[in-house]
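Below is the file target-v9.json, which contains JSON, C-alpha atoms and all ligand atoms.
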[["chain", "number", "residue", "atom", "x", "y", "z"],
["A", 1, "MET", "CA", -0.05, 50.48, 24.03],
["A", 2, "ALA", "CA", 0.00, 47.44, 21.72],
["A", 3, "PHE", "CA", 1.56, 48.14, 18.34],
["A", 4, "THR", "CA", 2.35, 45.21, 16.06],
["A", 5, "VAL", "CA", 4.80, 45.03, 13.19],
["A", 6, "ALA", "CA", 4.46, 41.92, 10.99],
["A", 7, "ILE", "CA", 7.48, 41.05, 8.85],
["A", 8, "ASP", "CA", 7.24, 38.12, 6.46],
["A", 9, "GLY", "CA", 9.30, 36.77, 3.61],
["A", 10, "PRO", "CA", 11.19, 33.78, 2.26],
["A", 11, "ALA", "CA", 14.31, 32.23, 3.75],
["A", 12, "ALA", "CA", 17.34, 34.53, 4.14],
["A", 13, "SER", "CA", 15.55, 37.53, 2.64],
["A", 14, "GLY", "CA", 16.83, 39.75, 5.46],
["A", 15, "LYS", "CA", 13.59, 39.75, 7.47],
["A", 16, "GLY", "CA", 15.25, 38.61, 10.69],
["A", 17, "THR", "CA", 17.92, 41.30, 10.58],
["A", 18, "ILE", "CA", 15.33, 43.93, 9.73],
["A", 19, "ALA", "CA", 12.99, 42.72, 12.49],
["A", 20, "ARG", "CA", 15.75, 42.88, 15.12],
["A", 21, "ALA", "CA", 16.83, 46.35, 13.98],
["A", 22, "VAL", "CA", 13.25, 47.72, 13.95],
["A", 23, "ALA", "CA", 12.63, 46.30, 17.44],
["A", 24, "ALA", "CA", 15.85, 47.85, 18.76],
["A", 25, "ARG", "CA", 15.15, 51.21, 17.11],
["A", 26, "PHE", "CA", 11.65, 51.58, 18.65],
["A", 27, "GLY", "CA", 12.19, 49.60, 21.87],
["A", 28, "PHE", "CA", 9.69, 46.90, 20.83],
["A", 29, "GLY", "CA", 9.89, 43.21, 21.71],
["A", 30, "HIS", "CA", 10.97, 40.85, 18.93],
["A", 31, "LEU", "CA", 9.83, 37.28, 18.23],
["A", 32, "ASP", "CA", 11.54, 35.23, 15.51],
["A", 33, "THR", "CA", 8.65, 32.83, 14.87],
["A", 34, "GLY", "CA", 10.88, 30.62, 12.70],
["A", 35, "LEU", "CA", 12.53, 29.55, 15.96],
["A", 36, "LEU", "CA", 9.27, 27.96, 17.13],
["A", 37, "TYR", "CA", 9.21, 25.78, 14.00],
["A", 38, "ARG", "CA", 12.94, 25.12, 14.17],
["A", 39, "ALA", "CA", 12.68, 24.04, 17.83],
["A", 40, "THR", "CA", 9.74, 21.75, 16.94],
["A", 41, "GLY", "CA", 11.69, 20.35, 13.97],
["A", 42, "ARG", "CA", 14.73, 19.83, 16.20],
["A", 43, "ARG", "CA", 12.69, 17.80, 18.67],
["A", 44, "MET", "CA", 11.26, 15.74, 15.78],
["A", 45, "LEU", "CA", 14.82, 14.99, 14.60],
["A", 46, "ASP", "CA", 15.52, 13.90, 18.19],
["A", 47, "GLY", "CA", 12.73, 11.32, 17.85],
["A", 48, "GLU", "CA", 9.68, 13.10, 19.29],
["A", 49, "ASP", "CA", 6.24, 13.39, 17.72],
["A", 50, "PRO", "CA", 6.12, 16.92, 16.21],
["A", 51, "LEU", "CA", 2.66, 17.76, 17.55],
["A", 52, "GLU", "CA", 3.62, 16.72, 21.08],
["A", 53, "ALA", "CA", 6.80, 18.76, 20.69],
["A", 54, "ALA", "CA", 4.89, 21.86, 19.52],
["A", 55, "ARG", "CA", 2.39, 21.54, 22.38],
["A", 56, "ASN", "CA", 5.17, 21.25, 24.94],
["A", 57, "LEU", "CA", 7.71, 23.77, 23.69],
["A", 58, "ARG", "CA", 9.62, 25.46, 26.49],
["A", 59, "ALA", "CA", 11.64, 28.66, 26.56],
["A", 60, "GLU", "CA", 14.83, 26.56, 26.75],
["A", 61, "ASP", "CA", 13.98, 24.90, 23.42],
["A", 62, "LEU", "CA", 14.23, 28.29, 21.70],
["A", 63, "GLN", "CA", 17.64, 28.96, 23.22],
["A", 64, "ARG", "CA", 19.32, 25.80, 21.93],
["A", 65, "SER", "CA", 22.51, 26.47, 19.99],
["A", 66, "ASP", "CA", 21.77, 23.82, 17.35],
["A", 67, "LEU", "CA", 18.73, 25.39, 15.63],
["A", 68, "ARG", "CA", 20.43, 27.29, 12.82],
["A", 69, "GLY", "CA", 21.71, 24.45, 10.62],
["A", 70, "GLY", "CA", 20.29, 23.36, 7.27],
["A", 71, "ASP", "CA", 18.99, 20.03, 8.61],
["A", 72, "VAL", "CA", 16.90, 21.81, 11.24],
["A", 73, "ALA", "CA", 15.63, 24.33, 8.66],
["A", 74, "GLN", "CA", 14.34, 21.47, 6.50],
["A", 75, "ALA", "CA", 12.77, 19.75, 9.51],
["A", 76, "ALA", "CA", 11.10, 23.07, 10.49],
["A", 77, "SER", "CA", 9.61, 23.44, 7.04],
["A", 78, "ARG", "CA", 8.29, 19.86, 7.15],
["A", 79, "VAL", "CA", 6.60, 20.21, 10.56],
["A", 80, "ALA", "CA", 5.24, 23.63, 9.49],
["A", 81, "VAL", "CA", 2.99, 21.96, 6.89],
["A", 82, "ASP", "CA", 0.93, 20.34, 9.69],
["A", 83, "SER", "CA", -2.08, 22.49, 10.57],
["A", 84, "ALA", "CA", -2.26, 21.00, 14.09],
["A", 85, "VAL", "CA", 1.36, 21.97, 14.75],
["A", 86, "ARG", "CA", 0.64, 25.50, 13.51],
["A", 87, "ALA", "CA", -2.49, 25.70, 15.72],
["A", 88, "ALA", "CA", -0.45, 24.62, 18.75],
["A", 89, "LEU", "CA", 1.93, 27.56, 18.21],
["A", 90, "LEU", "CA", -0.74, 30.20, 17.50],
["A", 91, "ASP", "CA", -1.72, 31.47, 20.97],
["A", 92, "PHE", "CA", 1.86, 32.12, 22.03],
["A", 93, "GLN", "CA", 2.50, 34.22, 18.92],
["A", 94, "ARG", "CA", -0.76, 36.20, 19.24],
["A", 95, "ALA", "CA", -0.13, 36.89, 22.92],
["A", 96, "PHE", "CA", 3.36, 38.14, 22.10],
["A", 97, "ALA", "CA", 1.94, 40.39, 19.34],
["A", 98, "ARG", "CA", -0.45, 42.06, 21.80],
["A", 99, "ARG", "CA", 2.10, 42.69, 24.55],
["A", 100, "GLY", "CA", 2.28, 46.28, 25.75],
["A", 101, "GLY", "CA", 5.12, 48.40, 24.44],
["A", 102, "GLY", "CA", 5.07, 47.14, 20.86],
["A", 103, "ALA", "CA", 6.07, 43.91, 19.15],
["A", 104, "VAL", "CA", 7.81, 42.85, 15.97],
["A", 105, "LEU", "CA", 7.19, 39.30, 14.73],
["A", 106, "ASP", "CA", 8.95, 37.84, 11.72],
["A", 107, "GLY", "CA", 7.97, 34.69, 9.84],
["A", 108, "ARG", "CA", 5.88, 33.52, 6.90],
["A", 109, "ASP", "CA", 2.23, 34.03, 7.95],
["A", 110, "ILE", "CA", 2.36, 36.91, 10.42],
["A", 111, "GLY", "CA", 0.57, 39.49, 8.26],
["A", 112, "THR", "CA", -1.90, 36.96, 6.84],
["A", 113, "VAL", "CA", -2.84, 34.63, 9.74],
["A", 114, "ILE", "CA", -1.20, 35.45, 13.08],
["A", 115, "CYS", "CA", -1.75, 39.23, 13.07],
["A", 116, "PRO", "CA", -4.11, 40.15, 10.22],
["A", 117, "ASP", "CA", -4.73, 43.49, 12.02],
["A", 118, "ALA", "CA", -1.04, 44.37, 12.45],
["A", 119, "ASP", "CA", -0.30, 48.10, 12.41],
["A", 120, "VAL", "CA", 2.52, 47.63, 9.88],
["A", 121, "LYS", "CA", 3.02, 44.73, 7.47],
["A", 122, "LEU", "CA", 6.21, 44.27, 5.50],
["A", 123, "PHE", "CA", 7.09, 41.50, 3.04],
["A", 124, "ILE", "CA", 10.82, 41.22, 2.46],
["A", 125, "THR", "CA", 12.18, 39.56, -0.66],
["A", 126, "ALA", "CA", 15.50, 39.17, -2.49],
["A", 127, "SER", "CA", 16.61, 37.16, -5.49],
["A", 128, "ASP", "CA", 17.37, 33.46, -4.99],
["A", 129, "GLU", "CA", 21.08, 34.02, -5.70],
["A", 130, "VAL", "CA", 21.42, 36.89, -3.22],
["A", 131, "ARG", "CA", 19.59, 34.97, -0.51],
["A", 132, "ALA", "CA", 21.67, 31.84, -1.06],
["A", 133, "ALA", "CA", 24.91, 33.85, -0.90],
["A", 134, "ARG", "CA", 23.83, 35.50, 2.38],
["A", 135, "ARG", "CA", 22.81, 32.23, 4.00],
["A", 136, "HIS", "CA", 25.95, 30.47, 2.76],
["A", 137, "ALA", "CA", 28.10, 33.18, 4.36],
["A", 138, "GLU", "CA", 26.15, 32.88, 7.65],
["A", 139, "LEU", "CA", 26.39, 29.08, 7.79],
["A", 140, "SER", "CA", 30.08, 29.07, 6.81],
["A", 141, "ALA", "CA", 30.82, 31.65, 9.52],
["A", 142, "ALA", "CA", 29.03, 29.36, 12.01],
["A", 143, "GLY", "CA", 31.34, 26.50, 10.99],
["A", 144, "GLU", "CA", 28.91, 24.49, 8.84],
["A", 145, "ASP", "CA", 30.61, 22.80, 5.89],
["A", 146, "VAL", "CA", 28.13, 23.41, 3.07],
["A", 147, "THR", "CA", 28.34, 24.45, -0.59],
["A", 148, "LEU", "CA", 26.59, 27.44, -2.15],
["A", 149, "ALA", "CA", 24.73, 25.07, -4.50],
["A", 150, "ALA", "CA", 23.40, 23.03, -1.57],
["A", 151, "VAL", "CA", 22.23, 26.19, 0.22],
["A", 152, "LEU", "CA", 20.46, 27.41, -2.93],
["A", 153, "ALA", "CA", 18.74, 24.03, -3.34],
["A", 154, "ASP", "CA", 17.62, 24.07, 0.33],
["A", 155, "LEU", "CA", 16.16, 27.58, 0.05],
["A", 156, "LYS", "CA", 14.27, 26.77, -3.15],
["A", 157, "GLN", "CA", 12.89, 23.54, -1.74],
["A", 158, "ARG", "CA", 11.70, 25.22, 1.47],
["A", 159, "ASP", "CA", 10.22, 28.22, -0.38],
["A", 160, "THR", "CA", 8.25, 25.90, -2.64],
["A", 161, "ARG", "CA", 6.97, 23.85, 0.31],
["A", 162, "ASP", "CA", 6.22, 26.96, 2.41],
["A", 163, "ALA", "CA", 4.32, 28.68, -0.42],
["A", 164, "ALA", "CA", 2.38, 25.59, -1.54],
["A", 165, "ARG", "CA", 1.08, 24.30, 1.82],
["A", 166, "ALA", "CA", -2.68, 24.42, 2.43],
["A", 167, "THR", "CA", -2.53, 26.03, 5.89],
["A", 168, "ALA", "CA", -1.02, 29.52, 6.24],
["A", 169, "PRO", "CA", 1.08, 29.46, 3.05],
["A", 170, "MET", "CA", 3.87, 31.99, 2.75],
["A", 171, "LYS", "CA", 2.51, 34.97, 0.79],
["A", 172, "PRO", "CA", 2.37, 38.74, 1.15],
["A", 173, "ALA", "CA", -0.76, 40.09, 2.86],
["A", 174, "ALA", "CA", -2.85, 42.18, 0.47],
["A", 175, "ASP", "CA", -1.92, 45.31, 2.47],
["A", 176, "ALA", "CA", 1.80, 44.50, 2.98],
["A", 177, "VAL", "CA", 4.54, 46.86, 1.79],
["A", 178, "LEU", "CA", 7.03, 44.92, -0.36],
["A", 179, "ILE", "CA", 10.74, 45.58, 0.15],
["A", 180, "ASP", "CA", 13.15, 43.91, -2.29],
["A", 181, "THR", "CA", 16.57, 43.82, -0.65],
["A", 182, "SER", "CA", 18.44, 42.23, -3.60],
["A", 183, "ALA", "CA", 20.35, 45.40, -4.42],
["A", 184, "MET", "CA", 20.21, 47.02, -0.96],
["A", 185, "GLY", "CA", 22.75, 47.07, 1.82],
["A", 186, "ILE", "CA", 21.34, 46.14, 5.21],
["A", 187, "GLU", "CA", 21.37, 49.79, 6.36],
["A", 188, "ASP", "CA", 19.13, 50.84, 3.46],
["A", 189, "ALA", "CA", 16.78, 47.91, 4.01],
["A", 190, "VAL", "CA", 16.48, 48.74, 7.72],
["A", 191, "ALA", "CA", 15.96, 52.44, 6.90],
["A", 192, "ALA", "CA", 13.09, 51.56, 4.52],
["A", 193, "ALA", "CA", 11.43, 49.43, 7.21],
["A", 194, "VAL", "CA", 11.97, 52.06, 9.93],
["A", 195, "ALA", "CA", 10.40, 54.71, 7.65],
["A", 196, "GLU", "CA", 7.24, 52.59, 7.26],
["A", 197, "VAL", "CA", 6.94, 52.07, 11.01],
["A", 198, "SER", "CA", 7.58, 55.78, 11.77],
["A", 199, "ARG", "CA", 4.92, 56.83, 9.27],
["A", 200, "ARG", "CA", 2.36, 54.54, 10.88],
["A", 201, "LEU", "CA", 3.31, 55.51, 14.45],
["A", 202, "GLU", "CA", 2.66, 59.16, 13.59],
["A", 203, "THR", "CA", -0.91, 58.34, 12.60],
["A", 204, "VAL", "CA", -1.74, 56.38, 15.78],
["A", 205, "ARG", "CA", -0.07, 58.64, 18.36],
["B", 1, "LIG", "O1", 15.82, 31.86, 8.71],
["B", 1, "LIG", "P1", 15.01, 31.28, 7.60],
["B", 1, "LIG", "O2", 14.27, 32.34, 6.88],
["B", 1, "LIG", "O3", 15.79, 30.36, 6.73],
["B", 1, "LIG", "O4", 13.94, 30.31, 8.26],
["B", 1, "LIG", "P2", 13.05, 30.54, 9.55],
["B", 1, "LIG", "O5", 12.36, 31.86, 9.52],
["B", 1, "LIG", "O6", 13.83, 30.20, 10.77],
["B", 1, "LIG", "O7", 11.91, 29.41, 9.33],
["B", 1, "LIG", "C1", 12.23, 28.04, 9.18],
["B", 1, "LIG", "C2", 11.00, 27.35, 8.60],
["B", 1, "LIG", "O8", 9.92, 27.48, 9.54],
["B", 1, "LIG", "C3", 10.45, 27.96, 7.32],
["B", 1, "LIG", "O9", 11.03, 27.40, 6.15],
["B", 1, "LIG", "C4", 8.96, 27.67, 7.41],
["B", 1, "LIG", "O10", 8.65, 26.40, 6.90],
["B", 1, "LIG", "C5", 8.67, 27.64, 8.88],
["B", 1, "LIG", "N1", 7.99, 28.85, 9.36],
["B", 1, "LIG", "C6", 6.62, 28.94, 9.16],
["B", 1, "LIG", "O11", 6.02, 28.06, 8.55],
["B", 1, "LIG", "N2", 5.92, 30.00, 9.65],
["B", 1, "LIG", "C7", 6.54, 30.99, 10.30],
["B", 1, "LIG", "N3", 5.82, 32.01, 10.79],
["B", 1, "LIG", "C8", 7.95, 30.94, 10.48],
["B", 1, "LIG", "C9", 8.65, 29.85, 9.99]]
Once more with this new file: its structure as structure tokens, please.
Amino acid sequence: MAFTVAIDGPAASGKGTIARAVAARFGFGHLDTGLLYRATGRRMLDGEDPLEAARNLRAEDLQRSDLRGGDVAQAASRVAVDSAVRAALLDFQRAFARRGGGAVLDGRDIGTVICPDADVKLFITASDEVRAARRHAELSAAGEDVTLAAVLADLKQRDTRDAARATAPMKPAADAVLIDTSAMGIEDAVAAAVAEVSRRLETVR
């Protein structure tokens, strides 16, 4: 049975952690769609045309170890403005969403564009300061030498670009459940998401 959970939200809101935990809890597949844009942005930084890169993405591109840095995040957000790049990545995401056994996709436009008929739609937010502190801790732990102020500036710049673009802007779907994780530990945020999915599963089973 196909069952799709769409999880959207701004950078470092906790959506990736929640998506992974929901997928593990229910045995669903998980696709971090940000990786598709990061891998495309990475190949652009390496000198390739972004549309060619998006059209020719391979599984290995998503497994590269150099996709998490701030430079790649900015490149991802820049290539993500291009409607042709987004179109090139659409079929893969929709096919993943329909796979048997359930799927969780996290990104910016999953509930609005990729899976408008998703069974569950969540939009995860947190304050700018909380998100910047989380991302700064992640990047520092990964060995990147970056200040909290620079991380905050990067998040704000990407959020503005992601929300303002003409094609598939970041925004909550009209029927999305909003979860603000500013004052929540990750366990509580995951529990809130799991409760939404459980409630919906009961109605379809
Ligand atoms: O991890 P973080 O939230 O910082 O970023 P990400 O989810 O890896 O996404 C990186 C960039 O890809 C975002 O800033 C967006 O510009 C773009 N993106 C998008 O446009 N649509 C998606 N479904 C996922 C990511």
When you draw a straight line from atom CA of Ala141 of chain A to atom CA of Met170 of chain A, how long is it in Å?
-> 27.8 Å
Compute the set of protein, DNA and RNA residues whose minimum atom distance to ligand LIG 1 (chain B) is at most 8 Å, using only C-alpha atoms and all ligand atoms, and state it as a PyMOL selection string.
-> chain A and resi 8-16+32-38+68+73-81+86+106-110+135+155+158-159+161-162+168-170
Name the closest residue to Arg131 of chain A among the candidates A:Thr147, A:Ser182, A:Thr160, A:Thr17; distances are taken between atoms, counting all atoms listed in the file.
->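 When distances to Arg131 of chain A are compared using all atoms listed in the file, the smallest one comes from A:Ser182.
Shortest separation to Ile18 of chain A among A:Val197, A:Thr203, A:Lys156, A:Gly101 occurs at residue A:Val197, atoms counted being all atoms listed in the file.
The residue that comes closest to Arg58 of chain A, out of A:Ala39, A:Ala142, A:Val113, A:Ala19 and on the basis of all atoms listed in the file, is A:Ala39.
Atom CA of Arg43 of chain A to atom CA of Leu152 of chain A spans 24.9 Å [interatomic distance, one decimal].
Using only C-alpha atoms, the nearest neighbour of Pro116 of chain A within the list A:Arg165, A:Val204, A:Leu31, A:Ile7 is A:Ile7.
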Between atom CA of Ser140 of chain A and atom CA of Gly29 of chain A, distance in Å (one decimal) |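 The value is 28.8 Å.
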Which residues come within 8 Å of Val72 of chain A, counting all atoms listed in the file, excluding same-chain residues fewer than 6 positions away, as a PyMOL selection string?
-> chain A and resi 38+41-42+45
Leu51 of chain A proximity check over A:Ser198, A:Ser83, A:Thr125, A:Thr167, using only C-alpha atoms: winner is A:Ser83
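Closest to Thr181 of chain A among A:Glu129, A:Glu52, A:Asp154, A:Asp61 is A:Glu129, based on all atoms listed in the file.
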